[in-house]
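For reference, the structure is listed below as structure tokens.
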2 protein chains.
Amino acid sequence: MADNERVVVDFRTEPARYKHWKLSFAGPVATLAMDVQEDGGLVPGYELKLNSYDLGVDVELYDAIQRLRFEHPEVGAVLLTSAKERVFCAGANIRMLSQSSHGWKVNFCKFTNETRSAIEDATAHSRQAWLAAVHGPCAGGGYELALATDWIIMADDGSTTVALPEVPLLAVLPGTGGLTRLVDKRHVRRDRADFFCTLEEGIKGQRAVEWRLVDEVVPRSRLAEATKTRAGALAARTDRPAGARGITLDRLERGIEGDRITYGHVTSDIDRGRGVAEITVAGPTAPPPGDAAGIHAAGTRFWPLAVARELDDLILHLRTNEEEIGLWLLRTTGSADLVEAHDRALLEHEADWLVREIRLYLKRTLKRLDVSSRSIFALIEPGSCFAGTLVELALAADRAFMLDGPREGDARPAPAVRLTGMNFGPYPTVNGLTRLESRFLDEPGRVDDLKGRIGEDLDASDASEAGLVTFTPDDIDWEDEVRIAIEERAAFSPDALTGMEASLRFAGPETMESKIFARLSAWQNWIFQRPNAVGPKGALKVYGTGERGDFDRRRV
Amino acid sequence: MADNERVVVDFRTEPARYKHWKLSFAGPVATLAMDVQEDGGLVPGYELKLNSYDLGVDVELYDAIQRLRFEHPEVGAVLLTSAKERVFCAGANIRMLSQSSHGWKVNFCKFTNETRSAIEDATAHSRQAWLAAVHGPCAGGGYELALATDWIIMADDGSTTVALPEVPLLAVLPGTGGLTRLVDKRHVRRDRADFFCTLEEGIKGQRAVEWRLVDEVVPRSRLAEATKTRAGALAARTDRPAGARGITLDRLERGIEGDRITYGHVTSDIDRGRGVAEITVAGPTAPPPGDAAGIHAAGTRFWPLAVARELDDLILHLRTNEEEIGLWLLRTTGSADLVEAHDRALLEHEADWLVREIRLYLKRTLKRLDVSSRSIFALIEPGSCFAGTLVELALAADRAFMLDGPREGDARPAPAVRLTGMNFGPYPTVNGLTRLESRFLDEPGRVDDLKGRIGEDLDASDASEAGLVTFTPDDIDWEDEVRIAIEERAAFSPDALTGMEASLRFAGPETMESKIFARLSAWQNWIFQRPNAVGPKGALKVYGTGERGDFDRRRV
């Protein structure tokens, strides 16, 4: 509980430091084996028995997913398995959940959801197909993890089951995508899903296949062989280059001094009084390499990749470690020409596997912004470089303020916004549409018109007319208008803002991802507040004590 | 608070008993004027000032919507307006919300949401177009009510504004569809919606039109005339028969004796010990009238309409007045042939305005089941008549149990399920698909196959194979299996079940309606539990005291 809040979580890790996972390779197939260290919890107070997990376990999983994509172009299939003899995974650790604050639980679930979505993104877009081989109980979050893969093989023996026992055992939901993936990904019939989700003991064998809960069952003795065959077949379908060399995701350098966080290109200054993080993204300082080989050689020094990594880490850091900082102000600084040149490189070399990965990583990082429970304002001022990829920051923001004209005493010209081809496809948000498409839902013509203005510097008046920015105060009004907007935001209820932002950010079509983040999570958050789960007699609290939860029977 | 729970709400009313609305007619245009009686609250403890509303106000609104459809075929447009000189509507009454239990708030919002959806359903499908004429402040739930209409005309004067001030004033959401309708119905740009939803004072005049918040502004002096013109134009587009006579929705007869509720065709027995309501729908006892004229003559005695009214009332009664009854068991009894005959009448005469209304009413009533936070099991036994329209009850259920074979000592034959054309289109659920389509999301072929089996009696084995029922115990197993399922359900956390059911019931595509019920409501429910809204220093609690809410600044 209180202890969680005192732990500063660092999301940076690497295989040599993993406590809980074993990564191995056999040609085009990688195996990621879960082997959770019981006393390796991130926070004191619980033991990670039976391959149960906490945030620390998931931080390593996330790192592994990233490295498999960037460091292993030769890998076409990733086999998720358990290194324990008798269990696949028991899901999120109950004691950890039980002792955690509401905020910690919600943030933990958000990150684990993003990590499972990243597995699906790797399968679909990096062409690195994930599959799961299940032996022993695979329950709750363990089964939800398997559900994130595209193929589940299960041993047909007395002890192997899949289960979502959250409702009967803990009075909470299978909230890491489980409910949604059952009916929307695997199309398990809703009445069967209903029954399955109330079964403590889960389902095994052929019935699990018939009900679509898994894809294949084989005798335990044949599990390894069947898995190998399936993984090989999946790997054979990839378009990833078997002979290519990956790039190394070297340790991300980050300095934290007081309330300032500094990366190579990204800085963040926290103003605790106002509850604000002022985030500035610096554009590139040199043109991009002239060809794909140059991009490979630059590796993590290639500006788009560097910025993706830094922003990703900063978002995770602020979300997890700075709960009271409710408003993120996004600025950019640098040369729009150089940002545009890098965007051109991302467009020209899209067929290159590494460039594809970088684009996908930027997409996922921008999506993290969309689902962050923080207000986001973009500030577009002289010296900024809101071009292409960086325009997405302004489009992801709840509001964008753009200075109309130059600033007195500032020799730099009035700010401009410049679109590139990267604004028209590569960065869909969780609803499956680009941010521009989502912005003009019933006016697709506006998006087409904007395509015709790629490369043009749009001043405040142009950008406002084009619908790209919210407000365009001039130099006389800027300071007051922005200050008041910030102060007002800080005065509102953080919860009401979270609910409001989650509702306004996801207009238009829905996807499995949007359902998980905007709907399933909302229900889970509600339940995480209900006495039936977290009160003194709530099921989550009494779990393991031998007592049953004592419920208020009123339906709400 | 506690007081709400002691009031037994009766949803039956009629215009002569309205306290809060004035209904008037001028040819094809009806006017529904809101004129809330300050001391006419449903529960003691608050005054309904400034046309603010409570559940009682909405019960009358719901009744008016129903009567306009059934009793007034000549009406093609309904003008929603305020009878107060200085205000349109201030939204849900804050004191009422503040003194209400969590369950009351949530149930109140669900019913108001359904009522606003009914306005949209009338506009779209009954061809009775709703429009709103706004003078004076139109805030919160007042603006959400206007948003449910298809055209909003606003007076352009100093005092008329539209506003969603829930977030800044009360630390809750515009949760009666407001957030969703802004971005998904009216396609207000998300950054503008963000700004608008944080403005206590709202937006007026031309800016409200530019931002799509209203459709038209006119000087106050011209409001009546412009409204009349617009209403006339909307009414002219209807296909409703100007010369037809409506049917009268006579008072629904209902008997409540102890724990038994009896209508003409529907009965409900409450078993408080088990937390169960046993609901039985009796099929028709005679063939339907031979033609549309006969249906008109039968009016509310026409079985499909009678059942729709009875079920509707029962669902509302149980939801509002029987919170602790968490499981509804649905049975039918009677002749499948006669149900099928009535379904044929509904199909043959679908062009008739009244038959269309009856079909739409059944659709809406079935949707109420879908969004009810109660577990629903269907029990298909000898003597039942699960045919066509009544099959939808089984498909709406979380599980359906069907007895395989006859019952010992019961002369009646083994039960059967029979599909009719009514299962293949007229009753979409909130996701826009039929229940069969939703059931077989990635197997549309199964739905097509079932079309070929219309009229066939499917026994337990057929129905199970067709995927229509969940379990088919035989006579030996039936009693234990059903009893255990009921007992288990009663033992689970009501909240976890609510979240689970809301997630499993709405697979597939999303609509504005599903977003409102399954997503916006979930966020609102969460916020309704948060100390920042409802704690001793929460904004909802201190509203009107001059104090500001004191917020925990941590973002969750």
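We label chains A, B, ... in the order they appear in the structure tokens, count residues from 1 in each chain, and number ligands from 1 in the order shown.
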Define the interface residues of chain A facing chain B as those within 6 Å, counting only C-alpha atoms, and report them as a ChimeraX atom specification.
/A:103,167-168,171-172,183-184,189-191,323-324,398-399,439,492-494,496,499,504,507,519,522-523,526,553-556
Write the selection just made, keeping C-alpha atoms, as a PDB file, in the first residue's frame?
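Result went into out.pdb, see below:
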ATOM      1  CA  GLY A 103      -3.869   4.317  -8.100  1.00  0.00           C
ATOM      2  CA  VAL A 167     -15.006 -13.004 -10.425  1.00  0.00           C
ATOM      3  CA  PRO A 168     -15.585 -16.038  -8.185  1.00  0.00           C
ATOM      4  CA  ALA A 171     -14.671 -10.176  -6.866  1.00  0.00           C
ATOM      5  CA  VAL A 172     -12.779  -8.257  -9.526  1.00  0.00           C
ATOM      6  CA  VAL A 183     -15.619 -12.415 -26.890  1.00  0.00           C
ATOM      7  CA  ASP A 184     -14.021  -9.977 -29.317  1.00  0.00           C
ATOM      8  CA  ARG A 189     -19.846 -17.417 -27.356  1.00  0.00           C
ATOM      9  CA  ARG A 190     -21.054 -15.021 -24.678  1.00  0.00           C
ATOM     10  CA  ASP A 191     -22.981 -17.578 -22.644  1.00  0.00           C
ATOM     11  CA  GLU A 323       0.824  10.756  -9.711  1.00  0.00           C
ATOM     12  CA  GLU A 324       0.206  14.291  -8.525  1.00  0.00           C
ATOM     13  CA  ASP A 398      -6.479  17.743 -25.199  1.00  0.00           C
ATOM     14  CA  ARG A 399      -5.859  21.288 -26.361  1.00  0.00           C
ATOM     15  CA  ARG A 439     -10.415  14.813 -35.422  1.00  0.00           C
ATOM     16  CA  PHE A 492     -10.563  20.399 -11.337  1.00  0.00           C
ATOM     17  CA  SER A 493     -11.086  16.958  -9.868  1.00  0.00           C
ATOM     18  CA  PRO A 494      -8.424  14.609 -11.249  1.00  0.00           C
ATOM     19  CA  ALA A 496     -13.535  13.810 -13.379  1.00  0.00           C
ATOM     20  CA  GLY A 499     -13.284  10.161 -17.102  1.00  0.00           C
ATOM     21  CA  LEU A 504     -13.582  12.621 -25.487  1.00  0.00           C
ATOM     22  CA  ALA A 507     -14.683   9.119 -30.648  1.00  0.00           C
ATOM     23  CA  ARG A 519     -14.413   0.351 -21.265  1.00  0.00           C
ATOM     24  CA  ALA A 522     -13.408   1.727 -16.519  1.00  0.00           C
ATOM     25  CA  TRP A 523     -15.423  -1.170 -15.123  1.00  0.00           C
ATOM     26  CA  TRP A 526     -15.057   1.036 -10.570  1.00  0.00           C
ATOM     27  CA  ARG A 553     -25.940  -7.817  -2.195  1.00  0.00           C
ATOM     28  CA  ARG A 554     -27.393  -4.721  -3.795  1.00  0.00           C
ATOM     29  CA  ARG A 555     -26.955  -4.586  -7.523  1.00  0.00           C
ATOM     30  CA  VAL A 556     -25.868  -1.220  -8.782  1.00  0.00           C
TER      31      VAL A 556
END
All residues 9 Å or closer to Pro473 of chain A, only C-alpha atoms, same chain fewer than 2 positions away omitted, as a list of chain:residue names
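Here the qualifying residues turn out to be A:Phe401, A:Met402, A:Leu403, A:Asp404, A:Gly405, A:Ala460, A:Phe471, A:Asp475, A:Ile476, A:Asp477, A:Trp478, A:Glu479, A:Glu481, A:Val482.
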Same residues, N, CA, C and O atoms, saved as a compact mmCIF listing (two decimals), in the first residue's frame:
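Result written to again09.txt:
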# COMPACT_ATOMS: atom_id res chain seq x y z
N PHE A 401 -2.41 25.20 -27.90
CA PHE A 401 -2.36 26.67 -27.95
C PHE A 401 -1.23 27.04 -28.91
O PHE A 401 -0.12 26.55 -28.77
N MET A 402 -1.51 27.92 -29.84
CA MET A 402 -0.48 28.33 -30.81
C MET A 402 -0.40 29.85 -30.81
O MET A 402 -1.42 30.53 -30.98
N LEU A 403 0.81 30.35 -30.63
CA LEU A 403 1.00 31.81 -30.61
C LEU A 403 0.75 32.37 -32.01
O LEU A 403 1.33 31.89 -32.99
N ASP A 404 -0.09 33.36 -32.06
CA ASP A 404 -0.40 33.99 -33.34
C ASP A 404 0.57 35.16 -33.53
O ASP A 404 0.42 36.21 -32.91
N GLY A 405 1.57 34.96 -34.37
CA GLY A 405 2.56 36.00 -34.61
C GLY A 405 3.82 35.78 -33.79
O GLY A 405 3.92 34.80 -33.04
N ALA A 460 -0.51 30.49 -37.37
CA ALA A 460 -1.60 30.27 -36.42
C ALA A 460 -2.96 30.39 -37.09
O ALA A 460 -3.87 29.61 -36.81
N PHE A 471 -6.60 27.08 -29.76
CA PHE A 471 -6.63 28.53 -29.52
C PHE A 471 -5.36 29.17 -30.07
O PHE A 471 -4.28 28.57 -30.02
N ASP A 475 0.59 37.65 -28.82
CA ASP A 475 1.61 37.83 -27.78
C ASP A 475 1.05 38.55 -26.55
O ASP A 475 1.45 38.28 -25.41
N ILE A 476 0.11 39.45 -26.78
CA ILE A 476 -0.46 40.20 -25.65
C ILE A 476 -1.29 39.28 -24.75
O ILE A 476 -1.24 39.37 -23.53
N ASP A 477 -2.02 38.37 -25.35
CA ASP A 477 -2.93 37.52 -24.56
C ASP A 477 -2.31 36.20 -24.11
O ASP A 477 -2.83 35.54 -23.21
N TRP A 478 -1.26 35.78 -24.80
CA TRP A 478 -0.73 34.43 -24.59
C TRP A 478 -0.52 34.07 -23.13
O TRP A 478 -1.06 33.08 -22.63
N GLU A 479 0.23 34.88 -22.43
CA GLU A 479 0.65 34.49 -21.09
C GLU A 479 -0.57 34.29 -20.17
O GLU A 479 -0.67 33.27 -19.49
N GLU A 481 -3.71 33.79 -21.02
CA GLU A 481 -4.63 32.75 -21.48
C GLU A 481 -4.10 31.35 -21.13
O GLU A 481 -4.84 30.50 -20.63
N VAL A 482 -2.82 31.17 -21.35
CA VAL A 482 -2.23 29.86 -21.06
C VAL A 482 -2.17 29.64 -19.55
O VAL A 482 -2.51 28.56 -19.05
Check the DSSP output for the backbone and give back, as a ChimeraX atom specification, the residues of segment 60-112 of chain B in strand (DSSP E or B).
/B:77-82,89,91-92
Interatomic distance between atom CA of Asp313 of chain A and atom CA of His20 of chain A?
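Straight-line distance from atom CA of Asp313 of chain A to atom CA of His20 of chain A works out to 20.7 Å.
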Can you list, as a count of residues only, every protein, DNA or RNA residue that comes within 12 Å of Ser221 of chain A when you count only C-alpha atoms, leaving out same-chain residues fewer than 5 positions away?
7
